[in-house]
Every structure is written in structure tokens, then in C-alpha cells.
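In what follows, a single structure is set out as C-alpha cells and then discussed.
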Amino acid sequence: MSSTALLLPLLLSQAPARSDQEQAKAPARKTGAENPAAPTSEQDLPPVMFPPGQTTAPEDVDPGVIEGRRRPGYREPLPEPVTQDNPGAVRAPPPQAFPTDEYPIPDRWRLIETLGVVKERWWDPYHQNTYKGDRPINPDKVPWLPITGDDWFFTAGLTSDTVIEPRTFPIPVGVQTTERLDSIDVFGKDASFVFSQTFIASASLVKGQTAFKPPEVEYKIALAFNYNYVNVPEKRVLFVEPSKPSHRSDHFLGVQEAFIDYHLRNVSDRYDFDSIRVGIQPFQADFRGFLFNDQQLGIRLFGNRDNNRFQYNIAAFWRLEKDTNSGLNSVVQRPRDDFLFIANLYRQDFLIPALTSQITLAYNRNREGDEIEIDDNGFPVRPALLGTLRGRDYDVFYLGYNADGHVGRVNVTASAYAALGQDRNSFFTDEKADIRAFFGAAELSYDHDWMRFRLSGLFASGDHDPYDGKETGFDAVFENPIFAGADTSYWIRQTIPFAGGGRVIGVNGRNGILNSLRSSKEQGQSNFNNPGTMLLGAGADFDLTPELRVSSNANHLWFENTATLQTLRNEGSIPNDIGWDLSMAAIWRPKATQNIVMRLSAAALLPGRGFRDLFDNYEDHRNYYSVLANVIVTY
């Protein structure tokens, strides 16, 4: 027999017996009618378990003999039912009792100020402010504006961009005269200094509830004023006249934006739309600005479909002349005979989820072969002083695929272009030449907590034979890449003069990565007779605090093919190795916003065999440096 069977009779024998009075006071079990939670019949009761040898329950059972346990066959009485008496209660109204019309609050943007929660100050950009589009314009206060209705918004902006940049790069010595009597080499001293101050003032007038749907109409204008000062150690670098000094100060006022944006229609209840924009407007052809990233005069039809999963652009741009020293748009000169027609289509989650794919088709039509353009410093920029020095017309079609997104935890950006067309007058042969050039770039990055690690790669084909009737060096329309360190990089930031093979020609362009041998990307023509570019790089971003980011980059650069350089320099061989581009930057946002951004960066170029073969300097410096201090304040 088990220990439980032996112990149970002993415990039962020790339990005190109830008196008749106590049994009378015990509450009776309620029936199902009196207590809905109680079983309604004997069939509903669970089976009763008895100790071995016992077939009926004892008359008196004390459930408290062993705490936390219950005797078999014992059921504790249920509590009394709870009832609620709520005199005067009102039943909720039926749905049909509510109004079907909306009752908006008039001028609800001013409600928060009326309550005293926010007090507007016109100079405060961090809180509610009519001048940054937080609240609509009161038409009664501006009767001179041709607007009607209470859904017009005004946005004003003011930006100060200050750049201080000491740097070194190969500087050619003037042929007629120099700063020093003993400067008879091709390249002289290499140190120079740049100061640039730009103020940008913008204003826009917008109609529509822009928080949740596209604006109905937008008028915008942005003016930029630039003052710049440059000091170099050699004459005929800043001015064509050898009698002028080797330093220069200049200023210019440019129109960077002036457009009308009109909302044509909505095509779904989720506000998929079609709009048209006419005027000087910003446009970036791809995710990283490899092909075209500029503010030009044009007309653009754009919109989206399928809850914004499809986006499209169809645009035509008539390129404006640029001021030579500031790079701003000059509207007082006739636009160039250079047109860009472009169409692209974006599709989210295409190829794989979380990846946005873009297909681009662009056509660049240039008819400046009969023109001679002299820049503001007296140097010829069209045609470029290369080869036979004759003007060129060309037609180029760009076919491109671009991707941006992530694959798992790896962030991905990629671009690929084919440039196909015809140069009407190659400056090597004075004959027609077919354009067949290719470009590819990719950047992979991985985020770990407050760190991001990046790998970059780029290939732009170079011309293998200048005289074969084909131009295979890739060039863009107007590049401004955000890639491999962007303008923190020495090679992207600085222009390297190609002296000894073409006057006023740069191997690369300022704020550009391609070795295109152009007079300038602002005023020159695209050139597909170039040595091409290859790059492999690694970098990392460290967000040390919400306000402070430190970035570092190491890029190795090569010419893809040096046949063009050998021909222009009359050299038998030139190595491909350009060298190492090392840079580091610190970005500080003291308010953790974009209103105040301070950047200090330093970069160095450690020349490879190809660069040292092409360039030298007066003091035989092996390496070249660049320091950039930049402060941007925005209202």
C-alpha cells in the first residue's frame, strides 16, 4: 500500500466533525438558474475521485488541513453574483446619429498659437514659422500677391557656404614669364590658396496641402552670390596675360533656380500624380550623380504610380553658360548649343526586395563645332586646345542601369552606362569617329552599430588607339559624384593641369572623378579621347555622437589606358598607376540638425609611377596635399 493511502485515513480521523448548526449555516449550492456559472445538471459535474476503498465522500471535509491542496470530492461554494444598477444611464447613439459631413477648424495652423503653446518669431527656424512654410499665408496681409484661398504657403531660405582651402598640385610654369627668374621647368612651385564665400537666397510660393499630397502649384527662385580669392605661385595660371599677377579676386551673381511646377492630375486615391516643371531646376540623372547632376534650364514631366513604387522623369535641358570662376549659372549670356534629353524609370523592390532599380536613356546633342568660346580669364575653352585645335559636334546616347538599396544587411549602390554615338570631327584625325565607351561603379557598405564600413570600385573605359576611328574613353555630361569620399577625396576635389600636351586642359575636373581631358566640365565639351579611370577604395564612417561624424577613405587610382596621353605628350610609354588618395574628414553639427554644419578634412595624394612620369614640381615634392575647412549655415 502507498504512503498516501496510509496517511489519508489518519488525517481524516483527525478532522473535527461539524455540528448540526454549522451544517445548517453552510450555503447551499446554487442551481444553474441562480448562478449561470454553476453546472446545470449532474451530468455536467466532473467525476469525483475517492481514496482507495472508499465509494462515497465523507460528510465533513475541511479544505484547510493542508494549505494549497483540496480534498477529492470537495467543491468550494461559488461567490454571489455581481449585479450593477446604473440609474439614468444613456445608451450610446447609433451610427446613423453621427454627421456624415466634415467640419474642419478654420485656420487650424494658428490654433496652437492662440492657445499660447507656441509663439512665432520670424527669425526662429526651429519652431513653427510662416516663413518656412509651417502655416499658410493670410491673404489679407499681402493683398499685393495674386493669390486666392487659404492654402498658399511661403518658404524663404538663406544659406551661407564658406570654404577655406590651402592645397598643393602640379602648377605649370608660364612660357613668356614667371614669378622667379630660375623657373624654367615645365612645373614650378605647387602651393596655392583658395577662399570662397557663397550666399544663396531662395523663396518659394506653394499652393496645396503639401503634408499628404503633391502641391498644386509651386513658384521658386534661388539666387547665389559668390566671392572668391585665389593665390598661386606662377603667372599665366589664373589669367592668360603674363602681365597680370598670380592672384585673383572675383565675384558673381548667378540664378540657380527659377521654375514653375504645375500639378497636372492625381491618378489614384493614394495621390499618385503627374506634374510638369519648367525653368531652371536641379536634376540628378542617377543615385550618385555620375552622368548629370546640375541646375539647368529645362522642362520636365515627372510623376509616380502604384503607391509610389514606380517613378518616372522625362526631361529636356538647354544648357546654360557658367561663370568661369564661381561655376554659377550665367543668364546674361546666350545658352549653349548643347541639349540633353533624358528619360528614366524607377521601380522599387525590383530584382530583389529592398532594392530600387532605375533604367536611364539619355541623348546629348552638341552643335558647338563652329563656335569659339573664351572664358572670363582669357583662355579658350571651346574648342579645347588639344590635337588639331578644331571644333567638334557630337551625338551621344547613354544607356544606363542604376540600383540603390540593400541586400540583407549590406547596403548596395551600383551604376552601369554605355555611351554610343558619333563624334563629327575627332581632334586627332579631323574625321568622324564612332563613340563606344563604358562605365561601371559600385559601392557596398555594412552598418554595425555606430559604424559604417564601405568598399568602392569604379571602371571607366579609356581610348586604346586615338587614330582607329573609334573613341572609347568614357565621359559624362556634367558629373558631380557622391562616391568614394566625394569632395573630401584629393582626386575628386582638385584639378590636375595637363601641361605639356594641352594648354588649359585638366586631367580631371574639379568635383569630378573621370580623367576626361576637358578644358572644364562647366564650359568645355565632353571628350571621349581620354585615358579612362579605374578606382578601388575602402572607407569608414564613425558616428561618435549625434553631432559628430568622422570619415576616412583610401582609394587607389589608375589610368585605364595611357595611349591618348602618350600621343599628346609624345612619350613612348606612360605607366597606368596614378597613386593612393588618402583622406579623412570630421563633420560637426552642433545642433544635431542641418542648420549648422562644419567640416574639416585633409587629403593626400601619394603619386604612383604614372603620375610621377607626367608631373614634377620645382621643389621636387613627392606628395601633394589638400586641406578643406567648410562651414554651412542654413535658415
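Here's how to read the names in the C-alpha cells: chain A, B, ... by the order shown, residue numbers from 1 in each chain, ligand numbers from 1 in the order shown.
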With a distance cut-off of 8 Å and only C-alpha atoms, select the neighbouring residues of Gln358 (chain A), excluding the residue or stretch itself and same-chain residues fewer than 3 positions from it, and output the selection as number ranges by chain. A: 286, 344-347, 401-403
Output N, CA and C atoms of each residue in that selection to a file, as a PDB file, in the first residue's frame.
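Ended up saving to again.pdb:
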```pdb
ATOM      1  N   ASP A 286      21.101  60.039 -61.828  1.00  0.00           N
ATOM      2  CA  ASP A 286      21.171  58.746 -61.163  1.00  0.00           C
ATOM      3  C   ASP A 286      21.391  58.969 -59.673  1.00  0.00           C
ATOM      4  N   ASN A 344      14.022  58.477 -67.451  1.00  0.00           N
ATOM      5  CA  ASN A 344      14.376  57.366 -66.577  1.00  0.00           C
ATOM      6  C   ASN A 344      13.140  56.854 -65.852  1.00  0.00           C
ATOM      7  N   LEU A 345      13.255  55.637 -65.359  1.00  0.00           N
ATOM      8  CA  LEU A 345      12.161  54.954 -64.677  1.00  0.00           C
ATOM      9  C   LEU A 345      12.720  54.253 -63.452  1.00  0.00           C
ATOM     10  N   TYR A 346      12.107  54.534 -62.302  1.00  0.00           N
ATOM     11  CA  TYR A 346      12.493  53.886 -61.047  1.00  0.00           C
ATOM     12  C   TYR A 346      11.438  52.841 -60.680  1.00  0.00           C
ATOM     13  N   ARG A 347      11.907  51.712 -60.159  1.00  0.00           N
ATOM     14  CA  ARG A 347      10.989  50.678 -59.681  1.00  0.00           C
ATOM     15  C   ARG A 347      11.509  50.138 -58.351  1.00  0.00           C
ATOM     16  N   TYR A 401      21.867  51.539 -66.290  1.00  0.00           N
ATOM     17  CA  TYR A 401      21.120  50.868 -65.217  1.00  0.00           C
ATOM     18  C   TYR A 401      21.759  51.268 -63.894  1.00  0.00           C
ATOM     19  N   ASN A 402      20.910  51.643 -62.930  1.00  0.00           N
ATOM     20  CA  ASN A 402      21.381  52.041 -61.609  1.00  0.00           C
ATOM     21  C   ASN A 402      20.546  51.338 -60.546  1.00  0.00           C
ATOM     22  N   ALA A 403      21.174  51.043 -59.427  1.00  0.00           N
ATOM     23  CA  ALA A 403      20.490  50.349 -58.334  1.00  0.00           C
ATOM     24  C   ALA A 403      20.908  50.968 -57.011  1.00  0.00           C
TER      25      ALA A 403
END
```
Long-range neighbours of Ile299 (chain A) as a ChimeraX atom specification, 9 Å cut-off, only C-alpha atoms, 4 positions minimum in chain: /A:276-281,314-317
With distances taken over only C-alpha atoms, the candidate from A:Gly369, A:Pro546, A:Gly610, A:Gly440 nearest Ala418 (chain A) is A:Gly440
Minimum-distance residue to Glu218 (chain A), chosen among A:Asp434, A:Glu120, A:Asp272, A:Ala203 (using only C-alpha atoms):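 Looking at the shortest contact to Glu218 (chain A), the residue is A:Ala203.
By chain and then residue number, the residues within 12 Å of Phe153 (chain A) are A:Trp109, A:Asn129, A:Thr130, A:Tyr131, A:Lys132, A:Gly133, A:Asp134, A:Arg135, A:Pro136, A:Ile137, A:Asn138, A:Pro139, A:Leu145, A:Ile147, A:Ala203, A:Ser204, A:Leu205, A:Val206, A:Lys207, A:Gly208, A:Gln209, A:Thr210, A:Ala211, A:Pro215, A:Glu216, A:Val217, A:Glu218, A:Tyr219, A:Lys220, counting only C-alpha atoms and disregarding those fewer than 6 positions away in sequence.
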Write the residues you've just listed into a file as a compact mmCIF listing (two decimals), in the first residue's frame, and include C-alpha atoms for each of them.
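Output file part33.txt follows:
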```txt
# COMPACT_ATOMS: atom_id res chain seq x y z
CA TRP A 109 -2.46 76.25 -38.11
CA ASN A 129 7.15 79.75 -38.60
CA THR A 130 5.13 81.15 -41.51
CA TYR A 131 8.33 81.99 -43.40
CA LYS A 132 9.40 78.37 -43.61
CA GLY A 133 6.04 77.07 -44.77
CA ASP A 134 4.59 75.82 -41.47
CA ARG A 135 1.42 77.89 -41.77
CA PRO A 136 -0.49 79.34 -44.72
CA ILE A 137 -0.28 82.94 -45.80
CA ASN A 138 -3.04 85.27 -44.65
CA PRO A 139 -4.19 86.84 -47.96
CA LEU A 145 0.13 88.89 -54.04
CA ILE A 147 -3.35 84.57 -54.67
CA ALA A 203 11.94 81.82 -51.97
CA SER A 204 9.04 79.62 -52.99
CA LEU A 205 5.28 80.07 -53.12
CA VAL A 206 3.29 76.83 -52.90
CA LYS A 207 -0.44 76.11 -53.19
CA GLY A 208 -1.88 72.95 -51.68
CA GLN A 209 -1.98 70.77 -48.60
CA THR A 210 1.57 69.55 -49.08
CA ALA A 211 1.73 67.37 -45.97
CA PRO A 215 1.43 70.71 -54.28
CA GLU A 216 -0.94 72.08 -56.89
CA VAL A 217 1.37 74.93 -57.96
CA GLU A 218 4.88 75.95 -56.91
CA TYR A 219 6.87 79.03 -57.89
CA LYS A 220 10.53 79.08 -56.83
```
At a cut-off of 8 Å, using only C-alpha atoms, what residues contact region 473-489 of chain A? Leave out same-chain residues fewer than 4 positions from it and give the result as a PyMOL selection string. chain A and resi 288-294+364+419+436-439+443+456+460-463+493+511-514+516+521-522+526-532+537-539+552-553+555+581-585+601-603+628
Could you turn the residues from that selection into a file that holds C-alpha atoms, as an mmCIF file, in the first residue's frame?
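Produced file selection-v8.cif, reproduced below:
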```
data_model
loop_
_atom_site.group_PDB
_atom_site.id
_atom_site.type_symbol
_atom_site.label_atom_id
_atom_site.label_comp_id
_atom_site.auth_asym_id
_atom_site.auth_seq_id
_atom_site.Cartn_x
_atom_site.Cartn_y
_atom_site.Cartn_z
ATOM 1 C CA ARG A 288 25.176 59.166 -57.171
ATOM 2 C CA GLY A 289 25.447 61.874 -59.835
ATOM 3 C CA PHE A 290 27.773 60.056 -62.247
ATOM 4 C CA LEU A 291 26.167 61.163 -65.530
ATOM 5 C CA PHE A 292 24.466 64.507 -64.879
ATOM 6 C CA ASN A 293 23.981 66.470 -61.664
ATOM 7 C CA ASP A 294 23.343 70.157 -62.266
ATOM 8 C CA ASN A 364 23.358 64.600 -75.590
ATOM 9 C CA ALA A 419 27.959 55.688 -74.304
ATOM 10 C CA ARG A 436 31.885 53.263 -77.906
ATOM 11 C CA ALA A 437 32.605 53.781 -74.207
ATOM 12 C CA PHE A 438 31.558 52.084 -70.987
ATOM 13 C CA PHE A 439 31.323 52.862 -67.302
ATOM 14 C CA GLU A 443 29.744 50.742 -53.526
ATOM 15 C CA SER A 456 34.145 51.171 -53.637
ATOM 16 C CA ALA A 460 35.603 53.999 -66.961
ATOM 17 C CA SER A 461 36.986 52.779 -70.263
ATOM 18 C CA GLY A 462 39.860 54.631 -71.947
ATOM 19 C CA ASP A 463 40.744 55.134 -75.601
ATOM 20 C CA ARG A 493 38.347 67.811 -55.229
ATOM 21 C CA ASN A 511 34.391 67.862 -58.154
ATOM 22 C CA GLY A 512 34.730 65.094 -60.724
ATOM 23 C CA ILE A 513 36.288 61.658 -60.790
ATOM 24 C CA LEU A 514 36.722 60.947 -64.532
ATOM 25 C CA SER A 516 38.359 63.211 -69.265
ATOM 26 C CA LYS A 521 33.264 70.483 -67.137
ATOM 27 C CA GLU A 522 31.370 73.801 -66.751
ATOM 28 C CA SER A 526 32.666 66.109 -73.460
ATOM 29 C CA ASN A 527 35.783 64.298 -74.636
ATOM 30 C CA PHE A 528 35.795 60.586 -75.472
ATOM 31 C CA ASN A 529 39.504 60.552 -76.398
ATOM 32 C CA ASN A 530 40.722 60.129 -72.824
ATOM 33 C CA PRO A 531 42.768 57.635 -70.753
ATOM 34 C CA GLY A 532 39.845 56.368 -68.649
ATOM 35 C CA GLY A 537 38.799 52.037 -52.380
ATOM 36 C CA ALA A 538 37.766 51.414 -48.806
ATOM 37 C CA GLY A 539 36.353 53.759 -46.218
ATOM 38 C CA SER A 552 38.156 58.103 -43.631
ATOM 39 C CA ASN A 553 38.879 56.910 -47.183
ATOM 40 C CA ASN A 555 41.454 54.965 -52.809
ATOM 41 C CA ASP A 581 44.365 59.031 -52.488
ATOM 42 C CA LEU A 582 44.082 59.159 -48.666
ATOM 43 C CA SER A 583 41.601 61.421 -46.878
ATOM 44 C CA MET A 584 39.947 61.980 -43.519
ATOM 45 C CA ALA A 585 37.110 64.321 -42.540
ATOM 46 C CA SER A 601 39.056 67.482 -43.959
ATOM 47 C CA ALA A 602 42.569 66.678 -45.080
ATOM 48 C CA ALA A 603 43.656 64.652 -48.108
ATOM 49 C CA LEU A 628 39.372 71.905 -46.640
#
```
List every residue of region 280-320 of chain A that DSSP, applied to the backbone of this structure, places in strand (DSSP E), and write the result as a list in words.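 DSSP-assigned strand (DSSP E) residues in region 280-320 of chain A: Ile280, Gln281, Pro282, Phe283, Gln284, Asn293, Asp294, Gln295, Gln296, Leu297, Gly298, Ile299, Arg300, Leu301, Phe302, Gly303, Asn304, Arg305, Phe310, Gln311, Tyr312, Asn313, Ile314, Ala315, Ala316, Phe317 and Trp318 of chain A.
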Using only C-alpha atoms for the distances, tell me which of A:Glu560, A:Glu165, A:Asp393, A:Asp404 is nearest to Ser357 (chain A). A:Asp404
Tell me, in Å to one decimal, how far CA of Asp269 (chain A) is from CA of Thr356 (chain A). 23.4 Å
Excluding Leu614 (chain A) and residues on its chain fewer than 6 positions from it, collect all residues at most 9 Å away from it, counting only C-alpha atoms, and give them as a ChimeraX atom specification. /A:498-500,565,569,574
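Ranking A:Leu328, A:Val381, A:Val230, A:Ala89 by their shortest atom-to-atom distance to Asp250 (chain A), with only C-alpha atoms included, puts A:Val230 first.
Shortest separation to Ser519 (chain A) among A:Arg382, A:Arg392, A:Arg589, A:Arg424 occurs at residue A:Arg382, atoms counted being only C-alpha atoms.
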Would you give me, as a ChimeraX atom specification, the residues in region 105-295 of chain A that DSSP reads as alpha helix (DSSP H)? /A:111-114
Would you write out those residues with N, CA and C atoms, as a compact mmCIF listing (two decimals), in the first residue's frame?
```txt
# COMPACT_ATOMS: atom_id res chain seq x y z
N LEU A 111 -4.21 77.75 -34.46
CA LEU A 111 -4.85 77.34 -33.21
C LEU A 111 -3.82 77.15 -32.11
N ILE A 112 -2.67 76.57 -32.44
CA ILE A 112 -1.67 76.29 -31.41
C ILE A 112 -1.11 77.58 -30.82
N GLU A 113 -1.00 78.65 -31.64
CA GLU A 113 -0.51 79.92 -31.11
C GLU A 113 -1.60 80.60 -30.28
N THR A 114 -2.86 80.47 -30.70
CA THR A 114 -3.96 81.05 -29.93
C THR A 114 -4.03 80.47 -28.54
```
Set the distance at 7 Å and use only C-alpha atoms: which residues neighbour Arg367 (chain A) once local chain neighbours fewer than 6 positions away are removed? I'd like the list as number ranges by chain. A: 337-338, 393-394
